[in-house]
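One file, start38.pdb, is given below (PDB, C-alpha atoms, pLDDT in the B column).
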ATOM      1  CA  MET Q  78      14.649 -20.356 -51.940  1.00 45.00           C
ATOM      2  CA  ASP Q  79      12.348 -20.533 -48.976  1.00 48.00           C
ATOM      3  CA  PRO Q  80      14.430 -21.417 -45.851  1.00 49.00           C
ATOM      4  CA  GLU Q  81      11.589 -23.580 -44.670  1.00 50.00           C
ATOM      5  CA  SER Q  82      11.938 -25.739 -47.782  1.00 52.00           C
ATOM      6  CA  CYS Q  83      15.408 -26.799 -46.661  1.00 55.00           C
ATOM      7  CA  GLY Q  84      15.777 -29.906 -44.561  1.00 53.00           C
ATOM      8  CA  PRO Q  85      13.489 -32.866 -43.985  1.00 56.00           C
ATOM      9  CA  PRO Q  86       9.716 -32.309 -44.216  1.00 54.00           C
ATOM     10  CA  HIS Q  87       9.195 -33.226 -40.563  1.00 54.00           C
ATOM     11  CA  ALA Q  88      11.641 -30.443 -39.549  1.00 54.00           C
ATOM     12  CA  VAL Q  89       9.619 -27.903 -41.559  1.00 58.00           C
ATOM     13  CA  ASP Q  90       6.403 -29.101 -39.909  1.00 70.00           C
ATOM     14  CA  TRP Q  91       7.989 -28.828 -36.471  1.00 59.00           C
ATOM     15  CA  ARG Q  92       9.070 -25.227 -37.094  1.00 67.00           C
ATOM     16  CA  ARG Q  93       5.633 -24.265 -38.368  1.00 70.00           C
ATOM     17  CA  GLU Q  94       3.958 -25.885 -35.379  1.00 63.00           C
ATOM     18  CA  ALA Q  95       6.326 -24.090 -33.002  1.00 55.00           C
ATOM     19  CA  ILE Q  96       5.544 -20.733 -34.618  1.00 61.00           C
ATOM     20  CA  THR Q  97       1.817 -21.467 -34.441  1.00 62.00           C
ATOM     21  CA  TRP Q  98       1.970 -22.304 -30.750  1.00 57.00           C
ATOM     22  CA  ARG Q  99       4.145 -19.251 -30.052  1.00 60.00           C
ATOM     23  CA  ASN Q 100       1.593 -16.995 -31.708  1.00 62.00           C
ATOM     24  CA  ARG Q 101      -1.209 -18.634 -29.748  1.00 64.00           C
ATOM     25  CA  MET Q 102       0.624 -18.096 -26.471  1.00 64.00           C
ATOM     26  CA  ILE Q 103       1.258 -14.429 -27.272  1.00 61.00           C
ATOM     27  CA  LEU Q 104      -2.434 -14.023 -28.126  1.00 63.00           C
ATOM     28  CA  LEU Q 105      -3.373 -15.682 -24.843  1.00 65.00           C
ATOM     29  CA  LEU Q 106      -1.038 -13.444 -22.825  1.00 66.00           C
ATOM     30  CA  ASP Q 107      -2.461 -10.366 -24.544  1.00 68.00           C
ATOM     31  CA  HIS Q 108      -5.957 -11.251 -23.324  1.00 70.00           C
ATOM     32  CA  LEU Q 109      -5.078 -12.323 -19.793  1.00 74.00           C
ATOM     33  CA  PRO Q 110      -6.051  -9.760 -17.126  1.00 84.00           C
ATOM     34  CA  THR Q 111      -3.123 -10.915 -14.957  1.00 87.00           C
ATOM     35  CA  PRO Q 112       0.068  -8.839 -15.445  1.00 91.00           C
ATOM     36  CA  ILE Q 113       2.735 -11.183 -16.880  1.00 90.00           C
ATOM     37  CA  ALA Q 114       6.205 -10.635 -18.310  1.00 90.00           C
ATOM     38  CA  LEU Q 115       8.994 -12.853 -19.624  1.00 89.00           C
ATOM     39  CA  CYS Q 116      12.546 -11.792 -18.837  1.00 91.00           C
ATOM     40  CA  GLU Q 117      16.079 -12.875 -19.536  1.00 90.00           C
ATOM     41  CA  ALA Q 118      18.036 -14.335 -16.626  1.00 87.00           C
ATOM     42  CA  ASP Q 119      19.492 -10.900 -15.844  1.00 88.00           C
ATOM     43  CA  GLY Q 120      16.025  -9.271 -15.718  1.00 89.00           C
ATOM     44  CA  GLY Q 121      15.913  -7.805 -19.229  1.00 92.00           C
ATOM     45  CA  ILE Q 122      12.282  -7.854 -20.369  1.00 92.00           C
ATOM     46  CA  LEU Q 123      11.647  -9.930 -23.486  1.00 90.00           C
ATOM     47  CA  LEU Q 124       7.863  -9.767 -23.483  1.00 87.00           C
ATOM     48  CA  ALA Q 125       5.173  -8.075 -21.387  1.00 88.00           C
ATOM     49  CA  ASN Q 126       1.443  -8.394 -21.794  1.00 87.00           C
ATOM     50  CA  PRO Q 127      -0.861  -5.337 -21.892  1.00 86.00           C
ATOM     51  CA  ALA Q 128      -1.989  -5.894 -18.279  1.00 87.00           C
ATOM     52  CA  MET Q 129       1.607  -5.597 -17.069  1.00 89.00           C
ATOM     53  CA  ALA Q 130       2.395  -2.562 -19.201  1.00 87.00           C
ATOM     54  CA  ALA Q 131      -0.826  -0.840 -18.099  1.00 86.00           C
ATOM     55  CA  GLU Q 132       0.499  -0.645 -14.523  1.00 87.00           C
ATOM     56  CA  TRP Q 133       2.878   2.071 -15.764  1.00 87.00           C
ATOM     57  CA  GLY Q 134       0.659   3.520 -18.460  1.00 85.00           C
ATOM     58  CA  LEU Q 135       2.854   1.995 -21.184  1.00 85.00           C
ATOM     59  CA  LEU Q 136       2.431  -0.184 -24.236  1.00 84.00           C
ATOM     60  CA  PRO Q 137       3.943  -3.678 -24.059  1.00 84.00           C
ATOM     61  CA  GLY Q 138       6.621  -2.791 -26.587  1.00 87.00           C
ATOM     62  CA  GLN Q 139       7.801   0.109 -24.425  1.00 89.00           C
ATOM     63  CA  MET Q 140       8.813  -2.308 -21.667  1.00 91.00           C
ATOM     64  CA  ARG Q 141      10.773  -4.607 -23.949  1.00 90.00           C
ATOM     65  CA  GLY Q 142      14.536  -4.339 -23.485  1.00 92.00           C
ATOM     66  CA  ARG Q 143      14.331  -2.630 -20.107  1.00 93.00           C
ATOM     67  CA  ASN Q 144      15.196  -4.321 -16.843  1.00 93.00           C
ATOM     68  CA  ALA Q 145      12.374  -5.453 -14.562  1.00 92.00           C
ATOM     69  CA  LEU Q 146      14.064  -3.666 -11.652  1.00 91.00           C
ATOM     70  CA  ASP Q 147      13.526  -0.392 -13.523  1.00 92.00           C
ATOM     71  CA  PHE Q 148       9.853  -0.865 -12.697  1.00 92.00           C
ATOM     72  CA  PHE Q 149       9.706  -2.806  -9.425  1.00 91.00           C
ATOM     73  CA  ARG Q 150      11.172  -2.007  -6.019  1.00 92.00           C
ATOM     74  CA  PRO Q 151      11.706  -5.241  -4.060  1.00 92.00           C
ATOM     75  CA  ARG Q 152      10.842  -4.907  -0.401  1.00 88.00           C
ATOM     76  CA  ALA Q 153      13.867  -7.056   0.511  1.00 85.00           C
ATOM     77  CA  LYS Q 154      16.627  -7.313  -2.108  1.00 83.00           C
ATOM     78  CA  ALA Q 155      17.914 -10.426  -0.349  1.00 83.00           C
ATOM     79  CA  ARG Q 156      14.901 -12.218  -1.879  1.00 80.00           C
ATOM     80  CA  LEU Q 157      16.607 -11.885  -5.290  1.00 85.00           C
ATOM     81  CA  HIS Q 158      19.621 -13.988  -4.299  1.00 87.00           C
ATOM     82  CA  PRO Q 159      17.792 -17.370  -4.372  1.00 86.00           C
ATOM     83  CA  ILE Q 160      16.503 -16.507  -7.848  1.00 86.00           C
ATOM     84  CA  ALA Q 161      20.031 -15.917  -9.159  1.00 85.00           C
ATOM     85  CA  GLU Q 162      21.096 -19.222  -7.607  1.00 85.00           C
ATOM     86  CA  ALA Q 163      18.116 -21.008  -9.180  1.00 81.00           C
ATOM     87  CA  VAL Q 164      19.052 -19.648 -12.609  1.00 81.00           C
ATOM     88  CA  ARG Q 165      22.649 -20.793 -12.138  1.00 82.00           C
ATOM     89  CA  LEU Q 166      21.614 -24.295 -11.089  1.00 81.00           C
ATOM     90  CA  HIS Q 167      18.687 -24.571 -13.565  1.00 77.00           C
ATOM     91  CA  ARG Q 168      16.137 -25.023 -10.799  1.00 78.00           C
ATOM     92  CA  ARG Q 169      12.443 -24.741 -11.557  1.00 76.00           C
ATOM     93  CA  SER Q 170      10.920 -23.416  -8.346  1.00 83.00           C
ATOM     94  CA  ARG Q 171       8.626 -20.435  -7.822  1.00 86.00           C
ATOM     95  CA  TYR Q 172      10.013 -17.474  -5.879  1.00 89.00           C
ATOM     96  CA  PRO Q 173       7.571 -14.850  -4.520  1.00 91.00           C
ATOM     97  CA  VAL Q 174       9.017 -11.354  -4.082  1.00 91.00           C
ATOM     98  CA  GLU Q 175       7.157  -8.503  -2.367  1.00 93.00           C
ATOM     99  CA  VAL Q 176       7.437  -5.358  -4.461  1.00 93.00           C
ATOM    100  CA  SER Q 177       6.125  -1.834  -4.800  1.00 92.00           C
ATOM    101  CA  TRP Q 178       5.968   0.516  -7.777  1.00 90.00           C
ATOM    102  CA  THR Q 179       4.685   3.941  -8.745  1.00 88.00           C
ATOM    103  CA  PRO Q 180       2.120   4.172 -11.562  1.00 83.00           C
ATOM    104  CA  PRO Q 181       1.409   7.398 -13.490  1.00 79.00           C
ATOM    105  CA  SER Q 182      -1.128   8.423 -10.830  1.00 75.00           C
ATOM    106  CA  GLY Q 183       1.755   8.872  -8.385  1.00 80.00           C
ATOM    107  CA  VAL Q 184       0.027   6.746  -5.721  1.00 84.00           C
ATOM    108  CA  GLU Q 185       2.368   3.947  -4.698  1.00 89.00           C
ATOM    109  CA  ARG Q 186       1.060   0.439  -5.310  1.00 89.00           C
ATOM    110  CA  TYR Q 187       2.288  -2.777  -3.752  1.00 91.00           C
ATOM    111  CA  GLY Q 188       1.957  -6.485  -4.399  1.00 92.00           C
ATOM    112  CA  GLU Q 189       3.880  -9.669  -5.035  1.00 93.00           C
ATOM    113  CA  VAL Q 190       5.734 -10.940  -8.085  1.00 92.00           C
ATOM    114  CA  ASP Q 191       6.023 -14.688  -8.564  1.00 92.00           C
ATOM    115  CA  VAL Q 192       9.336 -15.306 -10.334  1.00 91.00           C
ATOM    116  CA  THR Q 193       9.639 -18.712 -12.019  1.00 89.00           C
ATOM    117  CA  PRO Q 194      12.670 -19.842 -14.065  1.00 88.00           C
ATOM    118  CA  VAL Q 195      11.486 -21.423 -17.325  1.00 84.00           C
ATOM    119  CA  SER Q 196      13.155 -22.778 -20.467  1.00 76.00           C
ATOM    120  CA  ASP Q 197      12.261 -24.673 -23.626  1.00 66.00           C
ATOM    121  CA  THR Q 198      14.500 -27.616 -22.748  1.00 65.00           C
ATOM    122  CA  ALA Q 199      16.365 -28.816 -19.671  1.00 64.00           C
ATOM    123  CA  ASP Q 200      19.706 -27.713 -21.165  1.00 70.00           C
ATOM    124  CA  ALA Q 201      18.597 -24.326 -22.501  1.00 71.00           C
ATOM    125  CA  PRO Q 202      19.477 -21.168 -20.521  1.00 76.00           C
ATOM    126  CA  PRO Q 203      16.497 -20.328 -18.312  1.00 82.00           C
ATOM    127  CA  ALA Q 204      14.371 -17.244 -18.663  1.00 86.00           C
ATOM    128  CA  LEU Q 205      12.235 -15.749 -15.893  1.00 89.00           C
ATOM    129  CA  MET Q 206       8.450 -15.583 -15.968  1.00 89.00           C
ATOM    130  CA  LEU Q 207       7.026 -12.809 -13.787  1.00 91.00           C
ATOM    131  CA  VAL Q 208       3.419 -12.942 -12.608  1.00 92.00           C
ATOM    132  CA  LEU Q 209       2.282  -9.869 -10.686  1.00 92.00           C
ATOM    133  CA  ARG Q 210      -0.416  -9.920  -8.016  1.00 91.00           C
ATOM    134  CA  VAL Q 211      -1.539  -6.418  -7.090  1.00 88.00           C
ATOM    135  CA  ARG Q 212      -2.406  -6.086  -3.389  1.00 88.00           C
ATOM    136  CA  GLY Q 213      -3.387  -2.435  -3.057  1.00 85.00           C
ATOM    137  CA  GLU Q 214      -2.262   1.169  -2.767  1.00 83.00           C
ATOM    138  CA  ARG Q 215      -0.428   3.063  -0.065  1.00 75.00           C
ATOM    139  CA  VAL Q 216      -2.293   6.311   0.440  1.00 65.00           C
ATOM    140  CA  GLU Q 217      -0.358   8.845   2.462  1.00 60.00           C
ATOM    141  CA  THR Q 218      -2.434  10.335   5.245  1.00 54.00           C
ATOM    142  CA  SER Q 219      -1.417  13.405   7.171  1.00 52.00           C
ATOM    143  CA  PRO Q 220      -1.206  12.796  10.902  1.00 56.00           C
ATOM    144  CA  GLU Q 221      -4.212  14.175  12.736  1.00 56.00           C
ATOM    145  CA  GLU Q 222      -3.690  16.626  15.543  1.00 57.00           C
ATOM    146  CA  PRO Q 223      -4.721  15.179  18.899  1.00 63.00           C
ATOM    147  CA  ALA Q 224      -8.118  16.338  20.067  1.00 61.00           C
ATOM    148  CA  PRO Q 225      -8.013  18.886  22.916  1.00 72.00           C
ATOM    149  CA  PRO Q 226      -8.964  17.473  26.340  1.00 84.00           C
ATOM    150  CA  ALA Q 227     -11.865  19.934  26.585  1.00 86.00           C
ATOM    151  CA  SER Q 228     -13.825  22.131  24.208  1.00 86.00           C
ATOM    152  CA  GLU Q 229     -13.993  25.889  24.629  1.00 89.00           C
ATOM    153  CA  ILE Q 230     -17.417  25.778  26.304  1.00 91.00           C
ATOM    154  CA  GLU Q 231     -16.293  22.923  28.572  1.00 91.00           C
ATOM    155  CA  ALA Q 232     -13.210  24.867  29.630  1.00 93.00           C
ATOM    156  CA  ARG Q 233     -15.382  27.885  30.511  1.00 94.00           C
ATOM    157  CA  ILE Q 234     -17.737  25.704  32.580  1.00 94.00           C
ATOM    158  CA  LEU Q 235     -14.781  24.182  34.425  1.00 94.00           C
ATOM    159  CA  ALA Q 236     -13.273  27.609  35.170  1.00 94.00           C
ATOM    160  CA  LEU Q 237     -16.542  28.825  36.679  1.00 95.00           C
ATOM    161  CA  ALA Q 238     -16.928  25.589  38.647  1.00 94.00           C
ATOM    162  CA  ALA Q 239     -13.380  25.999  39.975  1.00 94.00           C
ATOM    163  CA  GLY Q 240     -14.325  29.482  41.183  1.00 93.00           C
ATOM    164  CA  GLY Q 241     -17.218  28.044  43.201  1.00 93.00           C
ATOM    165  CA  ASP Q 242     -20.143  29.126  41.020  1.00 94.00           C
ATOM    166  CA  THR Q 243     -23.365  27.123  41.245  1.00 94.00           C
ATOM    167  CA  THR Q 244     -24.721  25.248  38.273  1.00 93.00           C
ATOM    168  CA  ALA Q 245     -27.420  27.882  37.781  1.00 94.00           C
ATOM    169  CA  ARG Q 246     -24.873  30.725  37.742  1.00 94.00           C
ATOM    170  CA  ILE Q 247     -22.620  28.772  35.350  1.00 94.00           C
ATOM    171  CA  ALA Q 248     -25.589  28.200  33.037  1.00 92.00           C
ATOM    172  CA  LYS Q 249     -26.428  31.908  32.980  1.00 93.00           C
ATOM    173  CA  ALA Q 250     -22.798  32.888  32.367  1.00 93.00           C
ATOM    174  CA  VAL Q 251     -22.251  30.581  29.401  1.00 91.00           C
ATOM    175  CA  GLY Q 252     -25.746  30.870  27.918  1.00 90.00           C
ATOM    176  CA  LEU Q 253     -26.879  27.301  28.572  1.00 87.00           C
ATOM    177  CA  THR Q 254     -29.626  25.686  30.586  1.00 88.00           C
ATOM    178  CA  VAL Q 255     -28.840  23.942  33.862  1.00 90.00           C
ATOM    179  CA  ASP Q 256     -29.378  20.629  32.095  1.00 87.00           C
ATOM    180  CA  GLY Q 257     -26.925  21.713  29.400  1.00 86.00           C
ATOM    181  CA  VAL Q 258     -24.219  22.447  31.989  1.00 91.00           C
ATOM    182  CA  ASN Q 259     -24.841  19.134  33.726  1.00 91.00           C
ATOM    183  CA  TYR Q 260     -24.610  17.364  30.374  1.00 86.00           C
ATOM    184  CA  HIS Q 261     -21.138  18.829  29.689  1.00 89.00           C
ATOM    185  CA  LEU Q 262     -19.942  18.002  33.197  1.00 92.00           C
ATOM    186  CA  ALA Q 263     -21.188  14.419  32.839  1.00 89.00           C
ATOM    187  CA  GLN Q 264     -19.438  14.071  29.472  1.00 85.00           C
ATOM    188  CA  LEU Q 265     -16.176  15.324  30.974  1.00 90.00           C
ATOM    189  CA  ALA Q 266     -16.496  12.986  33.962  1.00 90.00           C
ATOM    190  CA  ARG Q 267     -17.007  10.019  31.621  1.00 86.00           C
ATOM    191  CA  ARG Q 268     -14.164  11.044  29.300  1.00 87.00           C
ATOM    192  CA  TRP Q 269     -11.692  11.619  32.129  1.00 91.00           C
ATOM    193  CA  ASN Q 270     -12.971   8.745  34.273  1.00 89.00           C
ATOM    194  CA  VAL Q 271     -13.462  10.844  37.427  1.00 90.00           C
ATOM    195  CA  ARG Q 272     -16.357  11.462  39.798  1.00 90.00           C
ATOM    196  CA  GLY Q 273     -17.570  14.713  41.278  1.00 89.00           C
ATOM    197  CA  ARG Q 274     -16.967  18.352  40.514  1.00 91.00           C
ATOM    198  CA  THR Q 275     -13.866  18.606  42.721  1.00 92.00           C
ATOM    199  CA  ALA Q 276     -12.173  15.780  40.825  1.00 92.00           C
ATOM    200  CA  LEU Q 277     -13.156  17.350  37.513  1.00 93.00           C
ATOM    201  CA  VAL Q 278     -11.534  20.643  38.470  1.00 93.00           C
ATOM    202  CA  ALA Q 279      -8.374  18.904  39.695  1.00 93.00           C
ATOM    203  CA  ARG Q 280      -8.183  16.915  36.456  1.00 92.00           C
ATOM    204  CA  ALA Q 281      -8.670  20.075  34.417  1.00 93.00           C
ATOM    205  CA  TYR Q 282      -5.626  21.644  36.060  1.00 93.00           C
ATOM    206  CA  ALA Q 283      -3.591  18.463  35.575  1.00 91.00           C
ATOM    207  CA  LEU Q 284      -4.447  18.395  31.858  1.00 91.00           C
ATOM    208  CA  GLY Q 285      -3.642  22.066  31.374  1.00 91.00           C
ATOM    209  CA  VAL Q 286      -7.242  23.007  30.578  1.00 93.00           C
ATOM    210  CA  LEU Q 287      -7.216  25.603  33.360  1.00 93.00           C
ATOM    211  CA  ASP Q 288      -4.424  28.126  33.911  1.00 92.00           C
ATOM    212  CA  PRO Q 289      -2.774  27.341  37.268  1.00 91.00           C
ATOM    213  CA  GLU Q 290      -1.583  30.955  37.634  1.00 91.00           C
ATOM    214  CA  ALA Q 291      -4.915  32.661  36.932  1.00 90.00           C
ATOM    215  CA  TRP Q 292      -7.382  33.915  39.535  1.00 92.00           C
ATOM    216  CA  PRO Q 293     -10.280  33.900  39.270  1.00 91.00           C
ATOM    217  CA  PRO Q 294      -9.890  30.546  37.479  1.00 92.00           C
ATOM    218  CA  ALA Q 295      -9.669  30.837  33.691  1.00 92.00           C
ATOM    219  CA  PRO Q 296      -9.026  28.516  30.770  1.00 92.00           C
ATOM    220  CA  THR Q 297      -5.454  28.271  29.574  1.00 90.00           C
ATOM    221  CA  GLU Q 298      -4.775  30.528  26.612  1.00 82.00           C
ATOM    222  CA  PRO Q 299      -4.117  28.623  23.376  1.00 69.00           C
ATOM    223  CA  ALA Q 300      -0.432  28.413  22.431  1.00 54.00           C
TER     224      ALA Q 300
END

Conversion result in structure tokens:
Amino acid sequence: MDPESCGPPHAVDWRREAITWRNRMILLLDHLPTPIALCEADGGILLANPAMAAEWGLLPGQMRGRNALDFFRPRAKARLHPIAEAVRLHRRSRYPVEVSWTPPSGVERYGEVDVTPVSDTADAPPALMLVLRVRGERVETSPEEPAPPASEIEARILALAAGGDTTARIAKAVGLTVDGVNYHLAQLARRWNVRGRTALVARAYALGVLDPEAWPPAPTEPA
């Protein structure tokens, strides 16, 4: 005997309608680009749509039965406490939680999960609907080494200037024109915010560009 044939006709129609609407909702979730999952009150995943599963390179069925915290790392675990209290008291508020996770690419992603307690009726135990908003990726960058206070050619020009050479003699020694030497000196003066050749030389010693123990003046040897 068909179980649906038992009971009043209106009860059979109600069950059929409920199944129809359930199937429609699952179909809708499958086509939504927004990552969505439905969890038990303790975080066990009941249903995840393809957009949610794709964040970890999984199929929706591979997420079912696992805990949501297996996938997400909350930025502040204290944000989970109000959710547990809402489930206990059958509240129906929305609770945003900042999270991060690691997809198959290995590049950490971050975003926000809206956690909303939901249930079929007011007396039924609530489930949790998770809606994920992806914010971006955290790309690790290696710290750049600080730029030296003077280039090699600038250090040579400063050493010759400290020894009292004229601009023409400096130009001949380093293989530049007089205008080229003046250009480098002007760039240094602007960068170090000083005026005049004497101040440039003093600043070069203060910055360690010139070796204070060398004579005639010479650039400091690289470490």

- Note on the structure: CA of Ala232 in chain Q sits from CA of Arg267 in chain Q at a separation of 15.5 Å

Mind listing as a CSV table (one decimal) with C-alpha atoms, in the frame of the given file all residues within 9 Å of (-23.9, 20.5, 34.6), counting all atoms listed in the file?
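Output below, filename result_26.csv:
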chain,number,residue,atom,x,y,z
Q,234,ILE,CA,-17.7,25.7,32.6
Q,244,THR,CA,-24.7,25.2,38.3
Q,245,ALA,CA,-27.4,27.9,37.8
Q,247,ILE,CA,-22.6,28.8,35.4
Q,248,ALA,CA,-25.6,28.2,33.0
Q,254,THR,CA,-29.6,25.7,30.6
Q,255,VAL,CA,-28.8,23.9,33.9
Q,256,ASP,CA,-29.4,20.6,32.1
Q,257,GLY,CA,-26.9,21.7,29.4
Q,258,VAL,CA,-24.2,22.4,32.0
Q,259,ASN,CA,-24.8,19.1,33.7
Q,260,TYR,CA,-24.6,17.4,30.4
Q,261,HIS,CA,-21.1,18.8,29.7
Q,262,LEU,CA,-19.9,18.0,33.2
Q,263,ALA,CA,-21.2,14.4,32.8

- Message: Please list, as a list of chain:residue names, the residues that have an atom at most 9 Å away from (9.6, -3.4, -13.8) in the coordinates of this file, counting all atoms listed in the file.
- Response: Q:Gly120, Q:Ile122, Q:Met129, Q:Trp133, Q:Met140, Q:Arg143, Q:Asn144, Q:Ala145, Q:Leu146, Q:Asp147, Q:Phe148, Q:Phe149, Q:Arg150, Q:Trp178

- Distance of CA of Gly240 in chain Q from CA of Asp288 in chain Q, expressed in Å to one decimal place: 12.4 Å

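Straight-line separation from CA of Glu185 in chain Q to CA of Arg152 in chain Q: 13.0 Å.
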
Selection dump of the PyMOL selection byres ((chain Q and resi 274) around 10), as a short mmCIF file (atom, residue, chain, number, x, y, z; two decimals) with C-alpha atoms, in the coordinates of the input:
data_model
loop_
_atom_site.label_atom_id
_atom_site.label_comp_id
_atom_site.auth_asym_id
_atom_site.auth_seq_id
_atom_site.Cartn_x
_atom_site.Cartn_y
_atom_site.Cartn_z
CA LEU Q 235 -14.78 24.18 34.42
CA ALA Q 238 -16.93 25.59 38.65
CA ALA Q 239 -13.38 26.00 39.98
CA LEU Q 262 -19.94 18.00 33.20
CA ALA Q 263 -21.19 14.42 32.84
CA ALA Q 266 -16.50 12.99 33.96
CA VAL Q 271 -13.46 10.84 37.43
CA ARG Q 272 -16.36 11.46 39.80
CA GLY Q 273 -17.57 14.71 41.28
CA THR Q 275 -13.87 18.61 42.72
CA ALA Q 276 -12.17 15.78 40.83
CA LEU Q 277 -13.16 17.35 37.51
CA VAL Q 278 -11.53 20.64 38.47
CA ALA Q 279 -8.37 18.90 39.70
CA ARG Q 280 -8.18 16.92 36.46
#

- Item | Residue with smallest distance to Ala250 in chain Q - pool Q:Leu115, Q:Ala227, Q:Leu237, Q:Leu207, counting all atoms listed in the file |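 So, comparing all the options, the nearest one is Q:Leu237.
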
Do a neighbour search on range 170-172 of chain Q at 7 Å with all atoms listed in the file, toss out local chain neighbours closer than 3 positions, and write the hits as a short mmCIF file (atom, residue, chain, number, x, y, z; two decimals) with C-alpha atoms, in the frame of the given file.
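As written to disk, selection-v4.cif reads:
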data_model
loop_
_atom_site.label_atom_id
_atom_site.label_comp_id
_atom_site.auth_asym_id
_atom_site.auth_seq_id
_atom_site.Cartn_x
_atom_site.Cartn_y
_atom_site.Cartn_z
CA ILE Q 160 16.50 -16.51 -7.85
CA ASP Q 191 6.02 -14.69 -8.56
CA VAL Q 192 9.34 -15.31 -10.33
CA THR Q 193 9.64 -18.71 -12.02
CA PRO Q 194 12.67 -19.84 -14.06
#

- Just so the selection is clear, what residues does the PyMOL selection byres ((chain Q and resi 167) around 10) cover here, as a PyMOL selection string? chain Q and resi 161-166+168-170+194-196+199-204

- Point out the residue among Q:Thr111, Q:Gln264, Q:Gln139, Q:Thr243 with the least atom-to-atom distance to Val190 in chain Q, counting all atoms listed in the file.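 For Val190 in chain Q, the nearest of the given residues is Q:Thr111.
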
- Task: Skip Val184 in chain Q itself and residues of its chain fewer than 2 positions away, then list as a list of chain:residue names all residues within 12 Å of it, counting all atoms listed in the file.
- Result: Q:Glu132, Q:Trp133, Q:Ser177, Q:Trp178, Q:Thr179, Q:Pro180, Q:Pro181, Q:Ser182, Q:Arg186, Q:Tyr187, Q:Gly213, Q:Glu214, Q:Arg215, Q:Val216, Q:Glu217, Q:Thr218

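Of the listed residues Q:Leu123, Q:Ala153, Q:Val286, Q:Ala236, the one whose atoms come nearest to Val176 in chain Q is Q:Ala153, with distances taken using all atoms listed in the file.
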